[in-house]
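Notes for the one structure printed next.
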Amino acid sequence: MPWRAVLTATALLTFAATAGWELAARAQGYGPSPDDNADLWAEQRAKVRPDSLVLVGTSRMLFNADLDVLEQALGRRPIQLALAGSSPFPILENLAQDESFRGTVILDIVPAMFLAPGGPPMEVSQKALARYREWTPAQRWSHAIGKPLDAGLAFINQDDLALPKLLERIQLPERAAFKSPPKLPPYFFAVDGDRRGRMVPEAAVIGSPLQQRVAHGWLPLFSPPPPPSFIPAEQFMAMMGQAIEARFGQTARLIADIRARGGKVVFVRMPVQGPLVEREEMLAPLAATWHRLVRENAVPAINFTDHAELSAFTLPEWSHLSAPDSVEFTKRLAPHLQRALSHGDATATANLVMPGPVSG
Amino acid sequence: MIFNSLTFVVFFAAVLAAYWAIPSWGARKNILLGASYLFYAAWNPPFVLLLVLSTLIDHVAGARMAAATRPAARKAWLAFSLVANLGMLGYFKYGTFVLENFQALLALAGITYVPPQMNIVLPVGISFYTFQTLSYSLDIYRGQMAPVRSFRDFALYVTFFPQLVAGPIVRAVDFLPQMVNAPRPQAGRMAWGLFLMTLGLFQKAVLADTLLSGAADSVFGFRGPLAGLDAWTGVLAFSGQIFFDFAGYSTCAIGASLCLGFSLGDNFRFPYAAVGFSDFWRRWHLSLSTFLRDYLYIPLGGNRSGAARMVINLVIVMLLGGLWHGAAWTFVVWGLIHGLMLVLERGLRHLFKDAAWTQTLGVQLLLGLATYVVVCIAWVFFRAGNFGTALGLLAAMTGNLPIAGEAILSTRQIAQVALVTVGLLGAHWLLRHTTLEAVVARSPRWVLSGVWSLMLFTLILNQGNGNAFIYFQF
């Protein structure tokens, strides 16, 4: 076999195909950016020090909180541990169980996500935590080696352009009995090395195909999944109810642990708009969830609906702020956080908790 | 570190460059040894000490055994090696399993016993390197090889990074002679090694992880009753996944070794084209099956002591083979199915005495298909993790569910599994009497370049998450 010729041809063909794919990715609007994967999260988690300021929550915290603005306002650069599509409960639990941690947790609570007893929201957080706990030297090195590739190549995008994601785009007729799980929204945000998330500009353009796809993707995702066929519905609902009830007690114990060590916890309810408000209320009524969590834990709590300046934004896809608006939103949120963190808990609670009528 | 990671790409390139740049054979072996320890430490650095201990034990035992003049002393040193190696394996791999079963036994007798929480972490690859060091001691005891004087050479045999954590299990008698003379760089050998590494990574990252693992994970992870189509799809997906995962690792290991000038034997020979279970074990995980044959089946008496003894020996060997894979009763059942099928096959061969009609293509195809189906049924126990899941899946596969099962796989997932399975079985059947080398040698160079670059580009496109190989847990 003439191996020299074979090797040369193979190298040229592979290079040409890769270069072509890179150009195609850029032509579709993709740019180089870090993958928001478990390694990047574990890297941030490893940065947590005893007195760190930590942001925990869902994609709303990830998109809406500007780290530079918060650093300027609060005197410390926050560490972004929020995860898209997650229940932040396991992350709160991890921080509470970290005996060295006595810092500040700013916890974004989307009640339906926070109280999810299991399923994908819990798995997202658990996967990230597992990587942090079991992060081998080899995985750390791969993460470090991969950074320059992430920074230089647009096609490196595990969320949207990796082969498994490309295969998922193939649509075939489904069997009648197949219960299709709701699809996750398409790629519509990018993070930087500090995991500061930003909505891509096209998703913020009202009426754009991407904005439409993202917005209309939320309603099925925020619908309760059908109970499994092999457990009686009443029994299943009772199990879920017990798990959710237990979550309230667990949350109280975790927050008490953090506070007992001198740490602080602040609840934040991020903006939500449009039909999603009603859907979330149906799934997890605020009176029975958010207000109960605030009441039982007596921590400072900032609900966007209580503050006109925090409610004055248009959310392009009902759930997140556009990148420019997120900077302004954080500037307006900062004074509330300053107050919550500088006042004693009881005072802050009295000042900030507004268990009044709920509005969208 | 795992082959399908950026760390390994950089590591291997650096090792290869340093290894071939240095003229001294001794220095090159030192580089390989250092690289092998680094490769292993990249998982969990403290476990390197265990590897060193295992190496030390058998190096000393081998030397003392050879020097001993009295049979009793030789036996004592062999016993030392066996107890130390199997003791380590037993503690790390079977400690929790034994305690749990002890607890269950006491509970049956009405005694409540709460064992201490051991939280034992299984050192990666311990089953593989323990068997390697054992083969060295056993071969010296049986007078089949002389002990190696150089501790460095022996340590390199035990820790050689391409096959350290998931095989093939290499015998000292095959590997140590390759360390006598320095290999010369050969372009063809290097290119073939790189081709094999690409093929192995493609099997693992694209075929096993991307195309098959999703369906297998969904089906084996589902807690309710499944539709028959979904159950079969999940089982076929796993049968393909485990082959591509494990054969992919072996292919990478053989390729990486070739790049460094070492030859390792084949570990797979198109096993899903097997006609019968004897044939299957001549094609699947050869380094384990020959190890069990030479160090367990034959010493037990093999087939030399009558039919009844042979049946017992076959079942013992396959039960232990099952237990080697994992500390769970489901693995024992997997081994038992294989053992019983081997016994059944011997019986049928005795009955039909290879009659001419059994050799016709149609019958061979049917027998091959039947073998594959039973192998798949055995995989259900291998993968399920518990008997509830395994029996539920078998009920779904045979249409014996009391209620309608759920359809959990999308049409795309089913199509992926079907296409890969048909391709896998077709390729194995077509290649069952040949080798990959022969096929590549016959291929036009443009076909080879095209296939190679397609595999490389698909790997780049895949942007794998670096999932660990399944056999690391064994």
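Chain labels run A, B, ... following the order of the structure tokens; each chain numbers its residues from 1, and ligands are numbered from 1 in the order shown.
Close contacts of B:Ala191, defined as residues with an atom at most 8 Å away when counting only C-alpha atoms, with chain neighbours fewer than 3 positions off set aside, comprise A:Trp3, A:Leu7, B:Ala187, B:Gly188, B:Leu194, B:Phe195, B:Cys259.
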Residue subset to file, keeping N, CA, C and O atoms, as a tab-separated table (two decimals), in the first residue's frame:
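The result, written out as out-v4.tsv:
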```tsv
chain	number	residue	atom	x	y	z
A	3	TRP	N	1.46	4.13	1.35
A	3	TRP	CA	0.91	4.82	2.51
A	3	TRP	C	1.12	6.32	2.47
A	3	TRP	O	0.28	7.09	2.94
A	7	LEU	N	-1.89	8.77	3.08
A	7	LEU	CA	-1.90	9.70	4.21
A	7	LEU	C	-2.07	11.14	3.75
A	7	LEU	O	-2.84	11.91	4.34
B	187	ALA	N	7.28	3.18	8.11
B	187	ALA	CA	6.18	4.06	7.71
B	187	ALA	C	4.87	3.30	7.57
B	187	ALA	O	3.82	3.75	8.02
B	188	GLY	N	4.94	2.12	6.96
B	188	GLY	CA	3.73	1.34	6.73
B	188	GLY	C	3.08	0.93	8.04
B	188	GLY	O	1.86	1.01	8.20
B	194	LEU	N	-2.06	4.19	12.74
B	194	LEU	CA	-2.91	5.39	12.80
B	194	LEU	C	-4.29	5.10	12.20
B	194	LEU	O	-5.30	5.59	12.70
B	195	PHE	N	-4.32	4.28	11.15
B	195	PHE	CA	-5.60	3.92	10.54
B	195	PHE	C	-6.45	3.16	11.56
B	195	PHE	O	-7.64	3.43	11.74
B	259	CYS	N	2.07	1.83	16.36
B	259	CYS	CA	2.78	3.10	16.16
B	259	CYS	C	4.06	3.13	17.00
B	259	CYS	O	5.03	3.81	16.64
```
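Contact shell of B:Leu50 at 12 Å (only C-alpha atoms; same-chain neighbours under 6 positions omitted): Tyr37, Tyr40, Ala41, Asn44, Leu56, Ile57, Ala84, Asn85, Met88, Leu89, Phe92, Leu122, Pro123, Val124, Gly125, Ile126, Tyr129, Thr130, Val158 and Thr159 of chain B.
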Write out the residues from the selection above, keeping all heavy atoms, as a compact mmCIF listing (two decimals), in the first residue's frame.
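Full text of again17.txt as output:
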```txt
# COMPACT_ATOMS: atom_id res chain seq x y z
N TYR B 37 2.59 5.44 33.36
CA TYR B 37 2.16 5.83 34.71
C TYR B 37 1.37 7.14 34.65
O TYR B 37 0.37 7.31 35.37
CB TYR B 37 3.36 5.95 35.65
CG TYR B 37 3.86 4.61 36.15
CD1 TYR B 37 5.19 4.23 36.00
CD2 TYR B 37 2.99 3.71 36.76
CE1 TYR B 37 5.63 2.99 36.45
CE2 TYR B 37 3.42 2.47 37.22
CZ TYR B 37 4.74 2.11 37.06
OH TYR B 37 5.17 0.89 37.51
N TYR B 40 -2.12 6.47 33.47
CA TYR B 40 -2.98 5.88 34.49
C TYR B 40 -3.31 6.90 35.59
O TYR B 40 -4.44 6.96 36.07
CB TYR B 40 -2.29 4.65 35.10
CG TYR B 40 -3.23 3.78 35.88
CD1 TYR B 40 -4.22 3.05 35.24
CD2 TYR B 40 -3.16 3.69 37.27
CE1 TYR B 40 -5.11 2.25 35.94
CE2 TYR B 40 -4.05 2.89 37.98
CZ TYR B 40 -5.02 2.18 37.31
OH TYR B 40 -5.90 1.40 38.01
N ALA B 41 -2.30 7.69 35.96
CA ALA B 41 -2.51 8.68 37.03
C ALA B 41 -3.52 9.74 36.62
O ALA B 41 -4.12 10.39 37.48
CB ALA B 41 -1.20 9.34 37.40
N ASN B 44 -6.79 8.81 38.48
CA ASN B 44 -6.82 8.91 39.93
C ASN B 44 -5.41 8.61 40.42
O ASN B 44 -5.03 7.45 40.58
CB ASN B 44 -7.82 7.87 40.46
CG ASN B 44 -8.18 8.11 41.90
OD1 ASN B 44 -7.39 8.72 42.63
ND2 ASN B 44 -9.32 7.63 42.33
N LEU B 56 5.28 -5.13 41.57
CA LEU B 56 6.35 -5.55 42.49
C LEU B 56 6.11 -6.98 42.97
O LEU B 56 7.03 -7.82 42.99
CB LEU B 56 6.35 -4.58 43.67
CG LEU B 56 7.64 -4.41 44.45
CD1 LEU B 56 8.76 -3.93 43.54
CD2 LEU B 56 7.43 -3.41 45.58
N ILE B 57 4.87 -7.26 43.33
CA ILE B 57 4.53 -8.59 43.87
C ILE B 57 4.91 -9.68 42.87
O ILE B 57 5.58 -10.66 43.20
CB ILE B 57 3.03 -8.65 44.22
CG1 ILE B 57 2.75 -7.86 45.48
CG2 ILE B 57 2.56 -10.10 44.36
CD1 ILE B 57 1.28 -7.63 45.76
N ALA B 84 -2.29 -12.45 46.61
CA ALA B 84 -2.12 -10.99 46.56
C ALA B 84 -2.95 -10.39 45.43
O ALA B 84 -3.69 -9.42 45.63
CB ALA B 84 -0.64 -10.66 46.38
N ASN B 85 -2.84 -10.99 44.24
CA ASN B 85 -3.56 -10.42 43.08
C ASN B 85 -5.07 -10.58 43.22
O ASN B 85 -5.82 -9.62 43.04
CB ASN B 85 -3.10 -11.10 41.79
CG ASN B 85 -1.78 -10.53 41.30
OD1 ASN B 85 -1.68 -9.36 41.00
ND2 ASN B 85 -0.75 -11.37 41.25
N MET B 88 -6.47 -8.39 46.02
CA MET B 88 -6.69 -6.98 45.64
C MET B 88 -7.95 -6.87 44.78
O MET B 88 -8.79 -6.00 44.99
CB MET B 88 -5.49 -6.46 44.83
CG MET B 88 -4.39 -5.89 45.68
SD MET B 88 -3.28 -4.81 44.78
CE MET B 88 -2.66 -5.83 43.50
N LEU B 89 -8.03 -7.77 43.80
CA LEU B 89 -9.20 -7.75 42.91
C LEU B 89 -10.48 -7.98 43.72
O LEU B 89 -11.48 -7.29 43.53
CB LEU B 89 -9.03 -8.84 41.85
CG LEU B 89 -10.02 -8.85 40.69
CD1 LEU B 89 -9.96 -7.57 39.89
CD2 LEU B 89 -9.76 -10.04 39.77
N PHE B 92 -11.35 -4.79 45.98
CA PHE B 92 -11.85 -3.60 45.26
C PHE B 92 -13.09 -3.91 44.43
O PHE B 92 -13.97 -3.08 44.31
CB PHE B 92 -10.75 -3.04 44.35
CG PHE B 92 -9.71 -2.27 45.11
CD1 PHE B 92 -8.47 -2.82 45.35
CD2 PHE B 92 -9.98 -1.00 45.59
CE1 PHE B 92 -7.51 -2.11 46.06
CE2 PHE B 92 -9.03 -0.29 46.31
CZ PHE B 92 -7.79 -0.85 46.55
N LEU B 122 -13.55 1.46 42.55
CA LEU B 122 -12.88 0.43 41.75
C LEU B 122 -11.78 1.07 40.92
O LEU B 122 -12.05 1.94 40.09
CB LEU B 122 -13.91 -0.23 40.83
CG LEU B 122 -13.40 -1.37 39.97
CD1 LEU B 122 -13.04 -2.58 40.82
CD2 LEU B 122 -14.44 -1.77 38.94
N PRO B 123 -10.53 0.65 41.13
CA PRO B 123 -9.45 1.22 40.30
C PRO B 123 -9.63 0.78 38.85
O PRO B 123 -9.85 -0.40 38.58
CB PRO B 123 -8.17 0.60 40.90
CG PRO B 123 -8.58 0.07 42.23
CD PRO B 123 -10.02 -0.30 42.13
N VAL B 124 -9.58 1.73 37.96
CA VAL B 124 -9.86 1.44 36.56
C VAL B 124 -8.86 0.41 36.02
O VAL B 124 -7.68 0.46 36.31
CB VAL B 124 -9.86 2.75 35.73
CG1 VAL B 124 -8.50 3.37 35.65
CG2 VAL B 124 -10.41 2.53 34.34
N GLY B 125 -9.38 -0.57 35.29
CA GLY B 125 -8.54 -1.56 34.63
C GLY B 125 -7.95 -2.62 35.53
O GLY B 125 -7.15 -3.44 35.07
N ILE B 126 -8.38 -2.69 36.80
CA ILE B 126 -7.73 -3.64 37.73
C ILE B 126 -7.91 -5.09 37.27
O ILE B 126 -7.00 -5.91 37.42
CB ILE B 126 -8.24 -3.42 39.18
CG1 ILE B 126 -7.38 -4.24 40.17
CG2 ILE B 126 -9.70 -3.75 39.33
CD1 ILE B 126 -7.63 -3.90 41.62
N TYR B 129 -5.08 -5.66 34.42
CA TYR B 129 -3.66 -5.78 34.75
C TYR B 129 -3.41 -6.86 35.80
O TYR B 129 -2.33 -7.44 35.84
CB TYR B 129 -3.03 -4.43 35.11
CG TYR B 129 -3.46 -3.72 36.38
CD1 TYR B 129 -3.08 -4.19 37.63
CD2 TYR B 129 -4.19 -2.55 36.31
CE1 TYR B 129 -3.45 -3.51 38.79
CE2 TYR B 129 -4.57 -1.87 37.46
CZ TYR B 129 -4.20 -2.34 38.69
OH TYR B 129 -4.56 -1.67 39.83
N THR B 130 -4.42 -7.17 36.61
CA THR B 130 -4.27 -8.28 37.55
C THR B 130 -4.12 -9.60 36.78
O THR B 130 -3.29 -10.44 37.12
CB THR B 130 -5.50 -8.36 38.47
OG1 THR B 130 -5.65 -7.11 39.11
CG2 THR B 130 -5.35 -9.43 39.52
N VAL B 158 3.44 -4.62 32.40
CA VAL B 158 2.20 -4.51 33.19
C VAL B 158 1.46 -3.22 32.87
O VAL B 158 0.22 -3.21 32.80
CB VAL B 158 2.51 -4.58 34.71
CG1 VAL B 158 1.24 -4.43 35.54
CG2 VAL B 158 3.20 -5.89 35.06
N THR B 159 2.20 -2.14 32.65
CA THR B 159 1.54 -0.82 32.57
C THR B 159 1.43 -0.26 31.15
O THR B 159 0.91 0.84 30.99
CB THR B 159 2.33 0.23 33.39
OG1 THR B 159 3.64 0.33 32.83
CG2 THR B 159 2.44 -0.16 34.83
```
_Write out as a ChimeraX atom specification the set of residues from stretch 231-435 of chain B that DSSP, computed on the backbone, places in alpha helix (DSSP H)._
/B:231-259,277-281,286-292,307-325,329-352,361-384,387-397,411-430
*Test item: chain B residues at most 6 Å from chain A, counting only C-alpha atoms, as an MDAnalysis selection string*: chainID B and resid 1 6:7 42:43 210 407 411 449 453 457 461:463
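Comparing the minimum interatomic distances between A:Leu92 and each of A:His216, A:Arg253, A:Lys47, A:Arg196, counting only C-alpha atoms, we find that A:Arg253 sits nearest.
Take the candidates A:Met199, A:Leu115, A:Ile79, A:Val299 and check each one against A:Phe248 using only C-alpha atoms; the shortest distance goes to A:Leu115.
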*Test item: residues at most 9 Å from A:Asn297, only C-alpha atoms, excluding those fewer than 5 positions along its chain, as a ChimeraX atom specification*: /A:251-252,255-256,292
Could you write out that same residue set with C-alpha atoms as an mmCIF file, in the first residue's frame?
```cif
data_model
loop_
_atom_site.group_PDB
_atom_site.id
_atom_site.type_symbol
_atom_site.label_atom_id
_atom_site.label_comp_id
_atom_site.auth_asym_id
_atom_site.auth_seq_id
_atom_site.Cartn_x
_atom_site.Cartn_y
_atom_site.Cartn_z
ATOM 1 C CA THR A 251 -34.700 23.804 51.251
ATOM 2 C CA ALA A 252 -35.296 25.271 54.697
ATOM 3 C CA ILE A 255 -30.611 27.569 53.861
ATOM 4 C CA ALA A 256 -30.413 27.306 57.645
ATOM 5 C CA ARG A 292 -44.313 29.926 50.782
#
```
*asked:* Measuring between only C-alpha atoms, which one of A:Leu53, A:Ala128, A:Ala46, A:Val200 shows the shortest distance to A:Ser33?
replied: A:Val200
_Separation of atom CA of A:Ser52 from atom CA of A:Val124, in Å and rounded to one decimal_ = 22.8 Å
